[in-house]
Amino acid sequence: IKILNAENTTNPDNRDRVRPLTPTNPAYVIYTSGSTGKPKGVVTTVAALIHRLNNFQKLYPLDKNDRLYGLTSIGFDGAIRELFWWSMAGARMVIGVSKLLVDPNLILENMISNKISVIRFSPELLHSVMRVLEAHGHSQDTEQLNLRCLFIGGQRPELELLNRLGSGGLGQKLVAVYHVYGSTEAQDSTIHNCRKQKTGLVPIGRPIWNTQVYVLDDWLRPVPVGVSGELYIAGAGLARGYLGRPDLTAD
């Protein structure tokens with residue numbers, strides 16, 4: 001690593017390479033194929049990252065006693081919350097190794113042994129963990145679980161799964177259950193409080209702070225309630241663009 005001295009003006013190359021850090025600087029790049037199958041590097045800024053973390057800290061304030069379980073591969077946008085959120089409150093993060101990412105028995109064992117209080121599941125993985133608990137009869141595992149906050153993302157959860165969660169061992173100590181929706185280009189954009197969900201389809205929820213969500217037609221006009229359209233997301237969480245793809249960014 002070569003350390004550049006900003007005071008050194010004798011080398012023109014150094015002057016060109018030294019740049020001040022600003023909120024618009026890239027924080028990370030994550031590649032997503034989307035619907036085209038061709039990888040696209042999504043460039044997310046420092047400001048967008050801080051925006052995201054502040055939203056979650058307000059939604060469910062962590063403290064030094066919390067322990068987050070990192071189950072999401074770092075190649076996916078959902079891992080960003082797990083990687084950085086804990087540091088805002090002096091909490092802890094437990095990183096799941098590869099074989100723990102898909103085995104519900106091992107996930108449950110590690111949730112108990114590491115006193116996990118905050119976790120994110122896909123509906124499919126949550127379903128698998130629930131089946132393990134139900135097979136064990138809930139009792140012993142329920143008493144040892146320390147889970148307080150559950151985020152569900154990746155796809156829409158079914159109401160039947162939420163009902164099972166509420167009546168089963170995993171949900172006994174839960175104080176918050178949220179369905180989180182977003183894309184790599186816009187991060188987490190909407191949140192729905194599943195604790196209040198009693199009937200019907202589980203929605204993607206309402207926009208988080210400083211985020212706007214619109215349903216528009218082909219002419220970019222808002223559609224009436226009940227009419228299908230395309231979802232548009234605006235606000236502080238938007239990525240800066242696609243790495244090396246100005247044409248795609250403009251689109």
# chains A, B, ... in the order shown; residues from 1 in each chain; ligands from 1

call {"tool": "closest_atom_pairs", "arguments": {"of": "region 22-96 of chain A", "to": "region 140-154 of chain A", "cutoff": "12 Å", "atoms": "only C-alpha atoms", "output": "JSON lines"}}
result
{"residue": "A:Phe56", "atom": "CA", "partner": "A:Phe151", "partner_atom": "CA", "distance": 10.7}
{"residue": "A:Leu59", "atom": "CA", "partner": "A:Cys149", "partner_atom": "CA", "distance": 10.6}
{"residue": "A:Tyr60", "atom": "CA", "partner": "A:Cys149", "partner_atom": "CA", "distance": 7.9}
{"residue": "A:Pro61", "atom": "CA", "partner": "A:Cys149", "partner_atom": "CA", "distance": 10.4}
{"residue": "A:Leu62", "atom": "CA", "partner": "A:Cys149", "partner_atom": "CA", "distance": 10.0}
{"residue": "A:Asn65", "atom": "CA", "partner": "A:Asn146", "partner_atom": "CA", "distance": 11.0}
{"residue": "A:Asp66", "atom": "CA", "partner": "A:Arg148", "partner_atom": "CA", "distance": 9.0}
{"residue": "A:Arg67", "atom": "CA", "partner": "A:Leu147", "partner_atom": "CA", "distance": 9.1}
{"residue": "A:Leu68", "atom": "CA", "partner": "A:Cys149", "partner_atom": "CA", "distance": 9.6}
{"residue": "A:Tyr69", "atom": "CA", "partner": "A:Leu147", "partner_atom": "CA", "distance": 10.2}
{"residue": "A:Leu71", "atom": "CA", "partner": "A:Phe151", "partner_atom": "CA", "distance": 11.8}
{"residue": "A:Thr72", "atom": "CA", "partner": "A:Gly154", "partner_atom": "CA", "distance": 10.6}
{"residue": "A:Phe76", "atom": "CA", "partner": "A:Gly154", "partner_atom": "CA", "distance": 10.3}
{"residue": "A:Asp77", "atom": "CA", "partner": "A:Gly154", "partner_atom": "CA", "distance": 10.3}
{"residue": "A:Gly78", "atom": "CA", "partner": "A:Gly153", "partner_atom": "CA", "distance": 8.3}
{"residue": "A:Ala79", "atom": "CA", "partner": "A:Gly153", "partner_atom": "CA", "distance": 11.4}
{"residue": "A:Arg81", "atom": "CA", "partner": "A:Phe151", "partner_atom": "CA", "distance": 10.9}
{"residue": "A:Glu82", "atom": "CA", "partner": "A:Phe151", "partner_atom": "CA", "distance": 11.1}

call {"tool": "select_by_dssp", "arguments": {"residues": "region 35-217 of chain A", "states": "strand (DSSP E)", "output": "number ranges by chain"}}
result
A: 40-45, 67-70, 92-95, 118-121, 149-152, 176-183, 187-193, 206-207, 211-216

call {"tool": "closest_residue", "arguments": {"among": "A:Pro123, A:Pro26, A:Gly182, A:Gly75", "to": "Pro157 (chain A)", "atoms": "only C-alpha atoms"}}
result
A:Pro123

call {"tool": "select_by_dssp", "arguments": {"residues": "region 37-192 of chain A", "states": "alpha helix (DSSP H)", "output": "VMD selection string"}}
result
chain A and resid 46 to 59 79 to 84 104 to 113 123 to 136 139 to 144 159 to 167

call {"tool": "closest_residue", "arguments": {"among": "A:Pro20, A:Gly41, A:Ala91, A:Tyr28", "to": "Pro246 (chain A)", "atoms": "only C-alpha atoms"}}
result
A:Gly41

call {"tool": "residues_around", "arguments": {"residues": "Gly241 (chain A)", "least_positions_apart": "4", "cutoff": "10 Å", "atoms": "only C-alpha atoms", "output": "ChimeraX atom specification"}}
result
/A:29,40-45,185,245-250

call {"tool": "atom_distance", "arguments": {"atom1": "CA of Gly200 (chain A)", "atom2": "CA of Glu158 (chain A)"}}
result
9.2 Å

call {"tool": "closest_residue", "arguments": {"among": "A:Asn25, A:Ser113, A:Gln57, A:Asp218", "to": "Trp86 (chain A)", "atoms": "only C-alpha atoms"}}
result
A:Gln57

call {"tool": "residues_around", "arguments": {"residues": "Leu231 (chain A)", "least_positions_apart": "6", "cutoff": "12 Å", "atoms": "only C-alpha atoms", "output": "number ranges by chain"}}
result
A: 181-183, 186, 189-190, 204, 212-218, 220-223

call {"tool": "atom_distance", "arguments": {"atom1": "CA of Lys173 (chain A)", "atom2": "CA of Ala135 (chain A)"}}
result
19.0 Å
